[in-house]
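File shown: data_24.pdb (PDB, C-alpha atoms, pLDDT in the B column).
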ATOM      1  CA  ILE V  26      98.948 110.782 127.227  1.00 56.00           C
ATOM      2  CA  PRO V  27     102.630 110.990 128.108  1.00 56.00           C
ATOM      3  CA  SER V  28     104.695 108.124 126.760  1.00 60.00           C
ATOM      4  CA  PRO V  29     107.998 107.743 124.963  1.00 59.00           C
ATOM      5  CA  PRO V  30     107.753 107.433 121.172  1.00 56.00           C
ATOM      6  CA  ASP V  31     108.805 103.793 121.306  1.00 65.00           C
ATOM      7  CA  ALA V  32     106.153 102.796 123.887  1.00 75.00           C
ATOM      8  CA  PHE V  33     103.700 100.221 122.567  1.00 85.00           C
ATOM      9  CA  PRO V  34     105.695  99.558 119.363  1.00 86.00           C
ATOM     10  CA  ARG V  35     103.275  96.841 118.189  1.00 91.00           C
ATOM     11  CA  LEU V  36      99.992  98.582 119.029  1.00 94.00           C
ATOM     12  CA  THR V  37      97.630  98.635 116.025  1.00 96.00           C
ATOM     13  CA  HIS V  38      94.184  99.296 117.566  1.00 97.00           C
ATOM     14  CA  LEU V  39      93.436 101.879 120.239  1.00 96.00           C
ATOM     15  CA  ASP V  40      90.034 102.736 121.714  1.00 98.00           C
ATOM     16  CA  LEU V  41      90.072 105.932 123.764  1.00 97.00           C
ATOM     17  CA  SER V  42      86.360 106.673 123.500  1.00 98.00           C
ATOM     18  CA  PHE V  43      84.553 108.240 126.484  1.00 98.00           C
ATOM     19  CA  ASN V  44      87.728 109.598 128.109  1.00 97.00           C
ATOM     20  CA  GLY V  45      87.161 113.358 128.085  1.00 97.00           C
ATOM     21  CA  LEU V  46      90.106 113.910 125.720  1.00 96.00           C
ATOM     22  CA  ASP V  47      90.462 117.155 123.789  1.00 94.00           C
ATOM     23  CA  TYR V  48      92.353 117.994 120.596  1.00 90.00           C
ATOM     24  CA  HIS V  49      95.686 117.963 122.443  1.00 92.00           C
ATOM     25  CA  CYS V  50      95.592 114.141 122.386  1.00 92.00           C
ATOM     26  CA  PHE V  51      96.556 113.997 118.688  1.00 89.00           C
ATOM     27  CA  LEU V  52     100.207 114.940 119.068  1.00 85.00           C
ATOM     28  CA  PRO V  53     101.240 112.229 121.573  1.00 87.00           C
ATOM     29  CA  LEU V  54      99.166 109.637 119.715  1.00 89.00           C
ATOM     30  CA  SER V  55     100.894 110.448 116.434  1.00 84.00           C
ATOM     31  CA  SER V  56     104.033 108.675 117.698  1.00 81.00           C
ATOM     32  CA  LEU V  57     102.186 105.335 117.553  1.00 88.00           C
ATOM     33  CA  ARG V  58     103.523 104.476 114.112  1.00 86.00           C
ATOM     34  CA  ARG V  59     101.817 101.078 113.690  1.00 92.00           C
ATOM     35  CA  LEU V  60      98.367 102.336 114.686  1.00 94.00           C
ATOM     36  CA  THR V  61      95.728 101.350 112.120  1.00 97.00           C
ATOM     37  CA  THR V  62      92.517 101.964 114.111  1.00 98.00           C
ATOM     38  CA  LEU V  63      91.888 104.898 116.431  1.00 97.00           C
ATOM     39  CA  ASN V  64      88.558 105.358 118.196  1.00 98.00           C
ATOM     40  CA  LEU V  65      88.193 108.799 119.784  1.00 97.00           C
ATOM     41  CA  ALA V  66      84.373 108.811 119.844  1.00 98.00           C
ATOM     42  CA  SER V  67      82.484 110.662 122.569  1.00 97.00           C
ATOM     43  CA  ASN V  68      85.318 112.830 123.825  1.00 97.00           C
ATOM     44  CA  ASN V  69      85.756 116.612 123.998  1.00 95.00           C
ATOM     45  CA  ILE V  70      87.533 117.115 120.674  1.00 91.00           C
ATOM     46  CA  ASP V  71      86.021 120.296 119.278  1.00 86.00           C
ATOM     47  CA  LEU V  72      88.613 120.978 116.595  1.00 83.00           C
ATOM     48  CA  ILE V  73      91.089 119.118 114.433  1.00 83.00           C
ATOM     49  CA  PRO V  74      94.507 120.758 114.628  1.00 79.00           C
ATOM     50  CA  GLU V  75      95.875 121.382 111.159  1.00 76.00           C
ATOM     51  CA  ASP V  76      99.515 120.854 112.093  1.00 77.00           C
ATOM     52  CA  VAL V  77      99.143 117.303 113.458  1.00 76.00           C
ATOM     53  CA  PHE V  78      98.323 115.705 110.122  1.00 73.00           C
ATOM     54  CA  VAL V  79     100.472 117.902 107.880  1.00 64.00           C
ATOM     55  CA  GLU V  80     103.157 115.254 107.578  1.00 58.00           C
ATOM     56  CA  GLY V  81     100.865 112.290 106.913  1.00 49.00           C
ATOM     57  CA  ASP V  82     103.737 109.954 106.083  1.00 62.00           C
ATOM     58  CA  ARG V  83     105.302 110.641 109.497  1.00 73.00           C
ATOM     59  CA  ASN V  84     102.260 111.169 111.737  1.00 83.00           C
ATOM     60  CA  PHE V  85      99.785 108.287 111.724  1.00 88.00           C
ATOM     61  CA  PRO V  86     101.310 106.697 108.578  1.00 88.00           C
ATOM     62  CA  GLY V  87      99.203 103.527 108.719  1.00 91.00           C
ATOM     63  CA  LEU V  88      95.979 104.880 110.226  1.00 94.00           C
ATOM     64  CA  MET V  89      93.134 103.267 108.295  1.00 96.00           C
ATOM     65  CA  SER V  90      90.138 103.932 110.545  1.00 98.00           C
ATOM     66  CA  LEU V  91      89.404 107.080 112.575  1.00 96.00           C
ATOM     67  CA  ASN V  92      86.274 107.569 114.671  1.00 98.00           C
ATOM     68  CA  LEU V  93      85.596 111.151 115.769  1.00 95.00           C
ATOM     69  CA  SER V  94      81.856 110.744 116.263  1.00 96.00           C
ATOM     70  CA  ALA V  95      79.726 112.310 118.997  1.00 96.00           C
ATOM     71  CA  GLN V  96      82.127 114.890 120.372  1.00 93.00           C
ATOM     72  CA  SER V  97      80.982 117.194 123.185  1.00 92.00           C
ATOM     73  CA  PRO V  98      81.080 120.020 122.351  1.00 88.00           C
ATOM     74  CA  PRO V  99      80.557 118.735 118.828  1.00 85.00           C
ATOM     75  CA  LEU V 100      82.882 119.308 115.920  1.00 83.00           C
ATOM     76  CA  THR V 101      81.669 122.231 113.840  1.00 72.00           C
ATOM     77  CA  LEU V 102      82.978 123.475 110.525  1.00 65.00           C
ATOM     78  CA  GLU V 103      83.613 126.854 112.094  1.00 59.00           C
ATOM     79  CA  ARG V 104      86.360 125.233 114.199  1.00 55.00           C
ATOM     80  CA  CYS V 105      87.145 122.094 112.214  1.00 60.00           C
ATOM     81  CA  ALA V 106      88.817 121.854 108.842  1.00 66.00           C
ATOM     82  CA  LEU V 107      88.589 118.439 107.223  1.00 73.00           C
ATOM     83  CA  ALA V 108      91.514 118.929 104.841  1.00 71.00           C
ATOM     84  CA  PRO V 109      94.144 117.937 107.440  1.00 77.00           C
ATOM     85  CA  LEU V 110      92.474 114.531 107.770  1.00 83.00           C
ATOM     86  CA  GLY V 111      92.718 114.143 103.994  1.00 80.00           C
ATOM     87  CA  THR V 112      96.502 114.018 104.221  1.00 81.00           C
ATOM     88  CA  LEU V 113      96.443 110.716 106.111  1.00 87.00           C
ATOM     89  CA  PRO V 114      97.811 108.382 103.421  1.00 87.00           C
ATOM     90  CA  ALA V 115      96.062 105.144 104.462  1.00 92.00           C
ATOM     91  CA  LEU V 116      92.759 106.479 105.862  1.00 93.00           C
ATOM     92  CA  GLU V 117      89.895 104.284 104.577  1.00 95.00           C
ATOM     93  CA  HIS V 118      87.148 104.787 107.181  1.00 95.00           C
ATOM     94  CA  LEU V 119      86.234 108.147 108.707  1.00 93.00           C
ATOM     95  CA  ASP V 120      83.368 108.550 111.190  1.00 95.00           C
ATOM     96  CA  LEU V 121      82.262 112.129 111.871  1.00 90.00           C
ATOM     97  CA  GLY V 122      78.688 111.240 112.850  1.00 93.00           C
ATOM     98  CA  GLY V 123      76.808 112.938 115.661  1.00 92.00           C
ATOM     99  CA  ASN V 124      78.495 116.316 115.494  1.00 87.00           C
ATOM    100  CA  ARG V 125      77.248 119.679 114.192  1.00 80.00           C
ATOM    101  CA  LEU V 126      78.797 119.591 110.757  1.00 79.00           C
ATOM    102  CA  THR V 127      76.724 121.691 108.393  1.00 69.00           C
ATOM    103  CA  GLY V 128      78.489 120.658 105.208  1.00 58.00           C
ATOM    104  CA  VAL V 129      81.357 118.562 104.005  1.00 54.00           C
ATOM    105  CA  VAL V 130      83.770 121.400 103.261  1.00 50.00           C
ATOM    106  CA  GLN V 131      84.375 124.934 104.408  1.00 45.00           C
ATOM    107  CA  PRO V 132      84.370 127.691 101.804  1.00 41.00           C
ATOM    108  CA  GLY V 133      87.635 127.536  99.907  1.00 40.00           C
ATOM    109  CA  GLU V 134      88.563 124.097 101.207  1.00 47.00           C
ATOM    110  CA  VAL V 135      89.273 121.651  98.379  1.00 47.00           C
ATOM    111  CA  LEU V 136      88.887 117.933  98.968  1.00 54.00           C
ATOM    112  CA  VAL V 137      89.741 116.776  95.469  1.00 53.00           C
ATOM    113  CA  GLY V 138      93.189 115.218  95.635  1.00 61.00           C
ATOM    114  CA  LEU V 139      92.811 114.524  99.345  1.00 72.00           C
ATOM    115  CA  PHE V 140      91.289 111.429 100.963  1.00 79.00           C
ATOM    116  CA  ARG V 141      92.837 109.256  98.261  1.00 81.00           C
ATOM    117  CA  SER V 142      92.296 106.023 100.214  1.00 89.00           C
ATOM    118  CA  LEU V 143      88.893 106.839 101.747  1.00 88.00           C
ATOM    119  CA  ARG V 144      86.310 104.077 101.204  1.00 91.00           C
ATOM    120  CA  SER V 145      83.732 104.818 103.928  1.00 91.00           C
ATOM    121  CA  LEU V 146      82.528 108.189 105.251  1.00 87.00           C
ATOM    122  CA  ASP V 147      79.988 108.510 108.072  1.00 90.00           C
ATOM    123  CA  LEU V 148      78.356 111.935 108.285  1.00 84.00           C
ATOM    124  CA  SER V 149      75.197 110.733 110.035  1.00 89.00           C
ATOM    125  CA  SER V 150      73.314 112.863 112.564  1.00 89.00           C
ATOM    126  CA  ASN V 151      74.803 116.187 111.562  1.00 84.00           C
ATOM    127  CA  ALA V 152      73.109 119.203 109.969  1.00 78.00           C
ATOM    128  CA  ILE V 153      74.237 118.665 106.388  1.00 73.00           C
ATOM    129  CA  GLU V 154      72.104 120.191 103.648  1.00 65.00           C
ATOM    130  CA  LEU V 155      71.725 118.752 100.153  1.00 54.00           C
ATOM    131  CA  GLU V 156      73.442 121.432  98.079  1.00 52.00           C
ATOM    132  CA  ILE V 157      76.465 121.548 100.411  1.00 51.00           C
ATOM    133  CA  ALA V 158      77.026 117.811 100.681  1.00 51.00           C
ATOM    134  CA  LEU V 159      76.575 116.250  97.269  1.00 54.00           C
ATOM    135  CA  SER V 160      79.192 118.084  95.230  1.00 57.00           C
ATOM    136  CA  PRO V 161      82.228 117.234  97.391  1.00 59.00           C
ATOM    137  CA  CYS V 162      80.927 113.719  98.059  1.00 62.00           C
ATOM    138  CA  ALA V 163      80.585 113.162  94.309  1.00 62.00           C
ATOM    139  CA  ALA V 164      84.208 114.228  93.861  1.00 62.00           C
ATOM    140  CA  LEU V 165      85.253 111.811  96.600  1.00 62.00           C
ATOM    141  CA  ALA V 166      83.214 109.007  95.006  1.00 63.00           C
ATOM    142  CA  GLU V 167      85.234 109.359  91.824  1.00 68.00           C
ATOM    143  CA  SER V 168      88.382 108.696  93.823  1.00 69.00           C
ATOM    144  CA  GLY V 169      87.121 105.414  95.313  1.00 78.00           C
ATOM    145  CA  LEU V 170      84.592 106.266  98.048  1.00 79.00           C
ATOM    146  CA  GLU V 171      82.260 103.266  98.329  1.00 86.00           C
ATOM    147  CA  GLU V 172      79.980 104.143 101.240  1.00 87.00           C
ATOM    148  CA  ILE V 173      78.534 107.419 102.529  1.00 82.00           C
ATOM    149  CA  SER V 174      76.209 107.473 105.526  1.00 85.00           C
ATOM    150  CA  VAL V 175      74.111 110.645 105.752  1.00 79.00           C
ATOM    151  CA  TRP V 176      71.090 109.496 107.764  1.00 83.00           C
ATOM    152  CA  GLY V 177      69.780 112.040 110.252  1.00 84.00           C
ATOM    153  CA  ASN V 178      70.622 115.012 108.006  1.00 79.00           C
ATOM    154  CA  GLU V 179      68.561 117.237 105.735  1.00 71.00           C
ATOM    155  CA  VAL V 180      70.408 115.699 102.794  1.00 65.00           C
ATOM    156  CA  ALA V 181      69.025 112.247 103.673  1.00 59.00           C
ATOM    157  CA  GLU V 182      65.494 113.622 103.916  1.00 60.00           C
ATOM    158  CA  ALA V 183      65.852 115.339 100.517  1.00 59.00           C
ATOM    159  CA  MET V 184      67.203 112.165  98.914  1.00 57.00           C
ATOM    160  CA  LEU V 185      64.255 110.148 100.247  1.00 57.00           C
ATOM    161  CA  MET V 186      61.800 112.727  98.915  1.00 60.00           C
ATOM    162  CA  GLU V 187      63.399 112.479  95.442  1.00 57.00           C
ATOM    163  CA  VAL V 188      63.002 108.678  95.425  1.00 52.00           C
ATOM    164  CA  SER V 189      59.342 108.671  96.468  1.00 50.00           C
TER     165      SER V 189
END
Structure rendered as structure tokens:
Amino acid sequence: IPSPPDAFPRLTHLDLSFNGLDYHCFLPLSSLRRLTTLNLASNNIDLIPEDVFVEGDRNFPGLMSLNLSAQSPPLTLERCALAPLGTLPALEHLDLGGNRLTGVVQPGEVLVGLFRSLRSLDLSSNAIELEIALSPCAALAESGLEEISVWGNEVAEAMLMEVS
């Protein structure tokens, strides 16, 4: 996506779903300083580069909604750390549905203190198990998370069994 940093200076919403993009798309997109909504669903993003989001106040400073659902090959926690996304200062809605995430965090990865603005988290249609998912999600809920979607996971099945 070659473009000068000042191209599209007023662009706030960008839908690049179904374009065959890989993780290299993040760097050129980070120059879109007014971007609030970025839809990258159904692409070929199989990892989230840690260095793109390190300077959250400079890269994607106003990004409020990020859709990374249904990647092919899917995002997996072996190749994808979620902590870099947690540095995005304005991120309120994060969609990671339809990938192969097996938990919410990798061993040693701490989400407390990150995702300060997150209100909605979609983890549907992954492979998340109950004991892996609830602890970090509970920590996020204390910081303002209002909605978690976990349908299509083992955690959803376990929660339904507890209710019935």
Practice task
Would you list the contacts of V:His49 as a list in words, taking every protein, DNA or RNA residue within 10 Å and counting all atoms listed in the file, but skipping same-chain residues closer than 6 positions in sequence?
Solution key: Ile26, Ile70, Leu72, Ile73, Pro74 and Val77 of chain V
Practice task
Taking (69.8, 114.6, 109.0) in the file's own coordinates, collect the residues within 6 Å, counting all atoms listed in the file, and hand them back as a PyMOL selection string.
Solution key: chain V and resi 150-152+176-179+181
Would you output that residue set with C-alpha atoms, as a PDB file, in the frame of the given file?
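New file result-v9.pdb:
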ATOM      1  CA  SER V 150      73.314 112.863 112.564  1.00 89.00           C
ATOM      2  CA  ASN V 151      74.803 116.187 111.562  1.00 84.00           C
ATOM      3  CA  ALA V 152      73.109 119.203 109.969  1.00 78.00           C
ATOM      4  CA  TRP V 176      71.090 109.496 107.764  1.00 83.00           C
ATOM      5  CA  GLY V 177      69.780 112.040 110.252  1.00 84.00           C
ATOM      6  CA  ASN V 178      70.622 115.012 108.006  1.00 79.00           C
ATOM      7  CA  GLU V 179      68.561 117.237 105.735  1.00 71.00           C
ATOM      8  CA  ALA V 181      69.025 112.247 103.673  1.00 59.00           C
TER       9      ALA V 181
END
Handout entry: Selection result of the PyMOL selection byres ((chain V and resi 84-88) around 8) on this file, as a PyMOL selection string
Key = chain V and resi 55-63+77-83+89-91+113-116
Exercise for the section: Please measure the separation of atom CA of V:Ser94 and atom CA of V:Leu65, giving the value in Å to one decimal. Expected result: 7.5 Å
Problem - For atom CA of V:Ile153 and atom CA of V:Leu121, the interatomic separation in Å (one decimal) - result: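 Atom-to-atom, atom CA of V:Ile153 and atom CA of V:Leu121 are spaced 11.7 Å apart.
If only C-alpha atoms are the atoms counted, then among V:Leu52, V:Ala66, V:Leu126, V:Val175 the closest residue to V:Leu39 is V:Ala66.
Atom CA of V:Asp76 lies 7.7 Å from atom CA of V:Pro109.
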Handout entry: Of the listed residues V:Leu139, V:Ala95, V:Leu146, V:Leu110, that which approaches V:Gly45 most closely, counting all atoms listed in the file
Key =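 Of the candidates, the smallest distance to V:Gly45 is held by V:Ala95.
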Report, as JSON, the centre and edge lengths in Å (one decimal) of the axis-aligned box enclosing every listed atom of stretch 118-123 of chain V, padded by 4 Å on each side.
{"center_x": 82.0, "center_y": 108.9, "center_z": 111.4, "size_x": 18.3, "size_y": 16.2, "size_z": 16.5}
Handout entry: Exercise: V:Phe43 partners within 10 Å, only C-alpha atoms, chain neighbours under 3 positions left out, as a list in words
Key = Asp40, Leu46, Asn64, Leu65, Ala66, Ser67, Asn68, Asn69, Ala95 and Gln96 of chain V
